[in-house]
$ cat run_37.txt   # compact mmCIF, C-alpha atoms
# COMPACT_ATOMS: atom_id res chain seq x y z
CA MET A 1 -58.79 -43.66 -41.52
CA LYS A 2 -59.96 -42.64 -38.07
CA LYS A 3 -56.75 -44.10 -36.60
CA LEU A 4 -54.58 -42.03 -38.89
CA SER A 5 -56.44 -38.79 -38.14
CA ALA A 6 -56.12 -39.40 -34.37
CA ARG A 7 -52.36 -39.58 -34.70
CA ARG A 8 -52.16 -36.38 -36.80
CA ARG A 9 -50.15 -33.65 -34.95
CA HIS A 10 -51.63 -30.30 -34.01
CA PRO A 11 -50.49 -27.47 -36.32
CA LEU A 12 -48.80 -25.67 -33.39
CA ALA A 13 -47.00 -28.76 -32.10
CA ALA A 14 -43.79 -28.00 -34.00
CA LEU A 15 -43.73 -24.47 -32.58
CA VAL A 16 -44.19 -25.76 -29.04
CA VAL A 17 -41.33 -28.27 -29.52
CA LEU A 18 -39.08 -25.47 -30.81
CA ILE A 19 -39.87 -23.23 -27.84
CA LEU A 20 -39.21 -26.06 -25.39
CA ALA A 21 -35.90 -26.83 -27.11
CA LEU A 22 -34.80 -23.20 -26.88
CA ALA A 23 -35.84 -23.02 -23.24
CA ALA A 24 -33.92 -26.21 -22.51
CA THR A 25 -30.84 -24.82 -24.23
CA GLY A 26 -31.09 -21.60 -22.21
CA GLY A 27 -31.54 -23.58 -19.03
CA LEU A 28 -28.48 -25.67 -19.79
CA TYR A 29 -26.46 -22.52 -20.53
CA ALA A 30 -27.60 -20.93 -17.29
CA ALA A 31 -26.66 -24.10 -15.44
CA PHE A 32 -23.24 -24.63 -17.00
CA ALA A 33 -22.01 -21.12 -17.97
CA PRO A 34 -21.20 -20.00 -14.38
CA ALA A 35 -19.41 -23.27 -13.77
CA ASP A 36 -17.35 -22.79 -16.93
CA LYS A 37 -16.49 -19.23 -15.89
CA ALA A 38 -15.49 -20.30 -12.40
CA GLN A 39 -13.41 -23.12 -13.85
CA ALA A 40 -11.66 -20.68 -16.23
CA GLU A 41 -10.86 -18.31 -13.36
CA GLU A 42 -9.56 -21.19 -11.27
CA THR A 43 -7.37 -22.36 -14.15
CA SER A 44 -6.04 -18.83 -14.67
CA GLN A 45 -5.24 -18.52 -10.95
CA SER A 46 -3.48 -21.90 -10.96
CA LEU A 47 -1.34 -20.82 -13.92
CA ALA A 48 -0.46 -17.55 -12.16
CA ILE A 49 0.56 -19.47 -9.04
CA GLU A 50 2.75 -21.82 -11.09
CA GLU A 51 4.51 -18.92 -12.82
CA GLY A 52 4.87 -17.07 -9.54
CA LYS A 53 6.45 -20.15 -7.99
CA LYS A 54 9.23 -20.02 -10.61
CA LEU A 55 9.96 -16.37 -9.86
CA TYR A 56 9.88 -17.09 -6.13
CA ALA A 57 12.38 -19.94 -6.46
CA VAL A 58 14.88 -17.60 -8.13
CA GLY A 59 14.47 -14.39 -6.12
CA CYS A 60 12.97 -15.25 -2.72
CA ALA A 61 13.43 -18.89 -1.66
CA SER A 62 17.05 -18.52 -0.51
CA CYS A 63 15.97 -16.26 2.37
CA HIS A 64 12.30 -17.12 2.96
CA GLY A 65 12.46 -20.88 2.38
CA THR A 66 11.11 -22.98 -0.47
CA GLY A 67 7.60 -22.97 1.00
CA GLY A 68 7.65 -19.49 2.52
CA GLN A 69 8.22 -20.92 5.99
CA GLY A 70 11.08 -18.52 6.68
CA THR A 71 14.74 -19.06 7.58
CA SER A 72 17.37 -17.39 9.74
CA ASP A 73 17.85 -14.90 6.88
CA GLY A 74 14.20 -14.01 6.28
CA PRO A 75 10.81 -14.16 8.05
CA SER A 76 7.92 -16.46 7.22
CA LEU A 77 5.65 -15.30 4.41
CA VAL A 78 2.66 -17.40 5.45
CA GLY A 79 -0.35 -15.11 5.76
CA VAL A 80 1.34 -11.88 4.61
CA GLY A 81 -1.06 -11.61 1.66
CA SER A 82 -0.70 -10.11 -1.79
CA ALA A 83 -0.71 -6.50 -0.49
CA ALA A 84 2.57 -7.04 1.39
CA VAL A 85 4.18 -8.60 -1.68
CA ASP A 86 3.08 -5.73 -3.90
CA PHE A 87 4.42 -3.13 -1.44
CA GLN A 88 7.77 -4.78 -0.72
CA VAL A 89 8.59 -5.80 -4.30
CA ALA A 90 7.17 -2.77 -6.14
CA THR A 91 9.17 -0.38 -3.92
CA GLY A 92 12.36 -2.39 -4.49
CA ARG A 93 12.76 -3.34 -0.84
CA MET A 94 12.57 -6.98 -1.85
CA PRO A 95 14.63 -8.85 -2.82
CA ALA A 96 16.95 -7.32 -0.23
CA GLN A 97 20.56 -6.65 -1.20
CA GLN A 98 21.90 -7.47 2.26
CA PRO A 99 20.59 -7.97 5.80
CA GLY A 100 20.47 -4.97 8.09
CA ALA A 101 18.49 -3.06 10.67
CA GLN A 102 16.14 -1.91 7.91
CA VAL A 103 15.78 -2.69 4.22
CA PRO A 104 15.88 0.56 2.18
CA LYS A 105 13.75 1.48 -0.80
CA LYS A 106 15.55 1.02 -4.12
CA LYS A 107 14.92 0.58 -7.83
CA ASN A 108 12.38 -2.13 -8.61
CA ILE A 109 13.65 -5.07 -10.72
CA TYR A 110 10.29 -6.75 -11.44
CA SER A 111 7.53 -5.75 -13.87
CA ASN A 112 3.97 -5.24 -12.64
CA ALA A 113 2.94 -8.53 -14.26
CA GLU A 114 5.74 -10.40 -12.46
CA ILE A 115 4.79 -8.79 -9.15
CA ASP A 116 1.20 -9.99 -9.63
CA LEU A 117 2.46 -13.53 -10.27
CA LEU A 118 4.67 -13.45 -7.17
CA ALA A 119 1.77 -12.08 -5.13
CA ALA A 120 -0.54 -14.86 -6.37
CA TYR A 121 1.95 -17.55 -5.33
CA ILE A 122 2.81 -16.10 -1.92
CA ALA A 123 -0.88 -15.41 -1.19
CA SER A 124 -1.47 -19.16 -1.70
CA PHE A 125 0.58 -19.82 1.48
CA GLY A 126 -2.28 -18.44 3.60
CA ALA A 127 -4.92 -15.71 3.71
CA GLY A 128 -3.71 -12.15 4.25
CA PRO A 129 -4.34 -8.52 3.22
CA ILE A 130 -5.34 -8.28 -0.45
CA THR A 131 -3.84 -5.76 -2.88
CA PRO A 132 -6.20 -2.75 -2.82
CA THR A 133 -8.13 -1.44 -5.80
CA GLU A 134 -7.78 2.13 -7.06
CA LYS A 135 -11.17 2.97 -5.56
CA GLN A 136 -9.88 2.02 -2.11
CA TYR A 137 -6.73 4.16 -2.11
CA SER A 138 -7.72 7.09 -4.34
CA PRO A 139 -7.57 10.36 -2.31
CA GLU A 140 -10.20 11.99 -4.54
CA GLY A 141 -12.95 13.49 -2.39
CA ALA A 142 -11.16 12.62 0.88
CA ASP A 143 -11.16 14.92 3.94
CA ILE A 144 -7.64 16.42 4.12
CA ALA A 145 -8.24 18.14 7.47
CA LYS A 146 -9.47 14.90 9.05
CA GLY A 147 -6.49 13.11 7.49
CA GLY A 148 -4.17 15.60 9.18
CA GLU A 149 -5.71 14.85 12.57
CA LEU A 150 -5.41 11.11 12.02
CA PHE A 151 -1.83 11.42 10.77
CA ARG A 152 -0.71 13.51 13.75
CA SER A 153 -2.36 11.02 16.13
CA ASN A 154 -1.07 7.81 14.53
CA CYS A 155 1.93 8.55 12.31
CA ALA A 156 3.70 11.79 13.26
CA GLN A 157 5.58 10.20 16.17
CA CYS A 158 7.81 8.43 13.65
CA HIS A 159 7.32 10.18 10.31
CA ASN A 160 7.00 13.70 11.87
CA PHE A 161 3.98 15.85 11.13
CA THR A 162 4.83 16.53 7.48
CA GLY A 163 5.82 12.94 6.67
CA GLU A 164 9.51 13.69 6.10
CA GLY A 165 10.64 10.74 8.20
CA GLY A 166 13.04 10.51 11.07
CA ALA A 167 15.49 8.35 12.99
CA LEU A 168 14.38 5.49 15.24
CA THR A 169 16.43 3.20 17.49
CA HIS A 170 19.23 0.74 16.59
CA GLY A 171 19.78 2.01 13.06
CA LYS A 172 16.11 1.95 12.10
CA TYR A 173 14.25 4.90 10.63
CA ALA A 174 10.84 6.05 9.45
CA PRO A 175 11.13 6.74 5.70
CA ASN A 176 10.21 9.98 3.96
CA LEU A 177 6.66 9.79 2.57
CA GLU A 178 7.09 12.46 -0.08
CA GLY A 179 6.46 11.03 -3.55
CA VAL A 180 5.17 7.67 -2.28
CA SER A 181 2.21 6.51 -4.39
CA PRO A 182 -1.27 6.35 -2.79
CA LYS A 183 -1.36 2.60 -3.43
CA HIS A 184 1.84 1.97 -1.48
CA LEU A 185 0.76 4.29 1.35
CA TYR A 186 -2.46 2.29 1.65
CA GLU A 187 -0.59 -1.05 1.54
CA ALA A 188 1.84 0.14 4.21
CA MET A 189 -1.07 0.92 6.51
CA GLN A 190 -2.64 -2.45 5.66
CA THR A 191 0.43 -4.58 6.27
CA GLY A 192 2.73 -2.69 8.67
CA PRO A 193 6.09 -3.22 6.91
CA GLN A 194 9.28 -3.55 8.98
CA ASN A 195 9.01 -1.30 12.07
CA MET A 196 5.58 0.11 11.27
CA PRO A 197 2.43 -1.12 13.04
CA SER A 198 -0.41 -2.34 10.83
CA PHE A 199 -3.78 -0.59 10.62
CA PRO A 200 -6.36 -3.11 9.32
CA ASP A 201 -9.88 -1.97 8.48
CA THR A 202 -11.05 -3.05 11.93
CA THR A 203 -8.64 -0.51 13.46
CA MET A 204 -8.63 2.17 10.76
CA PRO A 205 -11.49 2.04 8.23
CA GLU A 206 -10.85 2.45 4.51
CA LYS A 207 -12.15 6.06 4.49
CA GLU A 208 -9.69 7.12 7.21
CA LYS A 209 -6.80 5.61 5.26
CA ARG A 210 -7.87 7.64 2.23
CA ASP A 211 -8.05 10.79 4.38
CA ILE A 212 -4.48 10.21 5.56
CA ILE A 213 -3.27 9.64 2.00
CA ALA A 214 -4.92 12.91 0.92
CA TYR A 215 -3.19 14.76 3.78
CA VAL A 216 0.26 13.32 3.03
CA GLN A 217 -0.08 14.26 -0.63
CA ALA A 218 -1.35 17.76 0.18
CA VAL A 219 1.27 18.63 2.80
CA ASN A 220 4.12 17.65 0.47
CA SER A 221 2.61 19.30 -2.59
CA ASP A 222 4.30 22.23 -4.34
CA GLN A 223 1.01 24.11 -4.07
CA THR A 224 1.06 23.98 -0.26
CA ASP A 225 2.30 27.20 1.35
CA ASN A 226 4.41 27.11 4.51
CA PRO A 227 3.76 30.34 6.46
CA GLY A 228 6.43 29.44 9.00
CA GLY A 229 9.35 30.13 6.66
CA LEU A 230 12.30 27.75 7.02
CA LYS A 231 10.79 24.42 8.02
CA LEU A 232 13.99 22.96 9.54
CA GLY A 233 13.38 19.50 8.13
CA GLY A 234 9.75 19.49 9.18
CA LEU A 235 10.71 17.93 12.50
CA GLY A 236 8.55 20.28 14.55
CA PRO A 237 9.29 21.59 18.08
CA VAL A 238 12.47 19.54 18.57
CA SER A 239 14.44 21.06 15.71
CA GLU A 240 12.88 24.49 16.26
CA GLY A 241 13.79 24.42 19.96
CA LEU A 242 17.34 23.29 19.16
CA PHE A 243 17.68 26.08 16.60
CA ALA A 244 16.44 28.66 19.14
CA TRP A 245 18.72 27.29 21.86
CA VAL A 246 21.92 27.21 19.79
CA PHE A 247 21.53 30.41 17.80
CA GLY A 248 19.44 32.37 20.30
CA LEU A 249 21.69 31.57 23.25
CA GLY A 250 24.77 32.12 21.09
CA ALA A 251 23.49 35.56 20.11
CA LEU A 252 22.81 36.45 23.76
CA ILE A 253 26.34 35.37 24.77
CA ALA A 254 27.82 37.45 21.93
CA VAL A 255 25.84 40.52 23.04
CA ALA A 256 26.89 39.99 26.69
CA VAL A 257 30.56 39.75 25.72
CA TRP A 258 30.29 42.88 23.56
CA VAL A 259 28.59 44.86 26.40
CA ALA A 260 31.17 43.68 28.97
CA ALA A 261 34.08 44.59 26.68
CA HIS A 262 32.74 48.08 25.96
CA THR A 263 31.88 48.67 29.63
CA ALA A 264 35.45 47.76 30.70
CA LYS A 265 36.88 50.06 28.00
CA ALA A 266 34.65 52.91 29.12
CA LYS A 267 35.79 52.53 32.74
CA LYS A 268 39.48 52.60 31.79
CA SER A 269 39.07 55.77 29.81

$ encode --input "run_37.txt" --output "structure tokens"
Amino acid sequence: MKKLSARRRHPLAALVVLILALAATGGLYAAFAPADKAQAEETSQSLAIEEGKKLYAVGCASCHGTGGQGTSDGPSLVGVGSAAVDFQVATGRMPAQQPGAQVPKKKNIYSNAEIDLLAAYIASFGAGPITPTEKQYSPEGADIAKGGELFRSNCAQCHNFTGEGGALTHGKYAPNLEGVSPKHLYEAMQTGPQNMPSFPDTTMPEKEKRDIIAYVQAVNSDQTDNPGGLKLGGLGPVSEGLFAWVFGLGALIAVAVWVAAHTAKAKKS
């Protein structure tokens, strides 16, 4: 009888076993749940890359090569990143209709979902600028005045000081920035498309990019007053000087001719 009573379990033993079992289950979940989540994300990314590869083969491979290595008809896409893909494809510049000095903006033929798939595949060629989030490119709360200073220092040489664009050399041009979305303005600064230099965060921090975006949107807004009257294309001193030279000098010549004619007539009489 003593043997049997020695083996009898403590009344709280079952409760302790239950607590240990629950703790073990929680520990196992904590150990395996992050791994499952990471594996799911990796699987999702792999599927996106596979689908993007199909779109790439149809719309991009003929110019950029089957592996993005580039050909005589298109540059290498290794290391351009998802931001460049989003900018070029979402603005309709890619796929290009024909080669030329500069690829123009046109109607986009891909959906946002397809652009994301293309970006995932091309980004797999090598690390590059990542598509920005709304928080990064939103002009809300940005310093418009500071953005104007930065724009005039870094961008006005090509886009002129109101962002209306202008001609460059050999058939190239700086496009008009009116109506361009904040996201694409940010991506253009990130990636430096075509003739534009790139401004990575090491050169131009995220806040300064947002300031520039706020300025471009403000200066082209319908609510912005232009006290100078006729803006002459927004090209600044060049167009204004040409206007003054042609019309001002023309008016002076007309006045001189009129005075000379009336002086000669007065002498004859």

$ closest_residue --input "run_37.txt" --among "A:Ile49, A:Val78, A:Ala145, A:Ile122" --to "Val219 of chain A" --atoms "only C-alpha atoms"
A:Ala145

$ residues_near_point --input "run_37.txt" --point "(-12.5, 13.9, -0.8)" --cutoff "10 Å" --atoms "all atoms listed in the file" --output "PyMOL selection string"
chain A and resi 138-144+207+210-211+214

$ write_last_selection --input "run_37.txt" --atoms "C-alpha atoms" --output "JSON list (two decimals), keeping the file's coordinate frame"
[["chain", "number", "residue", "atom", "x", "y", "z"],
["A", 138, "SER", "CA", -7.72, 7.09, -4.34],
["A", 139, "PRO", "CA", -7.57, 10.36, -2.31],
["A", 140, "GLU", "CA", -10.20, 11.99, -4.54],
["A", 141, "GLY", "CA", -12.95, 13.49, -2.39],
["A", 142, "ALA", "CA", -11.16, 12.62, 0.88],
["A", 143, "ASP", "CA", -11.16, 14.92, 3.94],
["A", 144, "ILE", "CA", -7.64, 16.42, 4.12],
["A", 207, "LYS", "CA", -12.15, 6.06, 4.49],
["A", 210, "ARG", "CA", -7.87, 7.64, 2.23],
["A", 211, "ASP", "CA", -8.05, 10.79, 4.38],
["A", 214, "ALA", "CA", -4.92, 12.91, 0.92]]

$ closest_residue --input "run_37.txt" --among "A:Pro75, A:Gly171, A:Gly68, A:Gly241" --to "Lys53 of chain A" --atoms "all atoms listed in the file"
A:Gly68

$ closest_residue --input "run_37.txt" --among "A:Thr191, A:Thr202, A:Ala48, A:Pro95" --to "His64 of chain A" --atoms "all atoms listed in the file"
A:Pro95

$ closest_residue --input "run_37.txt" --among "A:Val58, A:Leu185, A:Ala254, A:Leu168" --to "Tyr215 of chain A" --atoms "all atoms listed in the file"
A:Leu185

$ closest_residue --input "run_37.txt" --among "A:Gly67, A:Pro104, A:Gly52, A:Gly128" --to "Ser82 of chain A" --atoms "all atoms listed in the file"
A:Gly128

$ residues_around --input "run_37.txt" --residues "Gln194 of chain A" --least-positions-apart "6" --cutoff "12 Å" --atoms "all atoms listed in the file" --output "list of chain:residue names"
A:Gly74, A:Pro75, A:Ala84, A:Phe87, A:Gln88, A:Arg93, A:Met94, A:Gly100, A:Ala101, A:Gln102, A:Val103, A:Pro104, A:Lys105, A:Lys172, A:Tyr173, A:Ala174, A:Pro175, A:Ala188

$ closest_residue --input "run_37.txt" --among "A:Gly192, A:Gly165, A:Gly65, A:Gly81" --to "Leu118 of chain A" --atoms "all atoms listed in the file"
A:Gly81

$ residues_around --input "run_37.txt" --residues "Ile115 of chain A" --least-positions-apart "6" --cutoff "8 Å" --atoms "all atoms listed in the file" --output "PyMOL selection string"
chain A and resi 85-86+89-90

$ write_last_selection --input "run_37.txt" --atoms "C-alpha atoms" --output "short mmCIF file (atom, residue, chain, number, x, y, z; two decimals), in the coordinates of the input"
data_model
loop_
_atom_site.label_atom_id
_atom_site.label_comp_id
_atom_site.auth_asym_id
_atom_site.auth_seq_id
_atom_site.Cartn_x
_atom_site.Cartn_y
_atom_site.Cartn_z
CA VAL A 85 4.18 -8.60 -1.68
CA ASP A 86 3.08 -5.73 -3.90
CA VAL A 89 8.59 -5.80 -4.30
CA ALA A 90 7.17 -2.77 -6.14
#
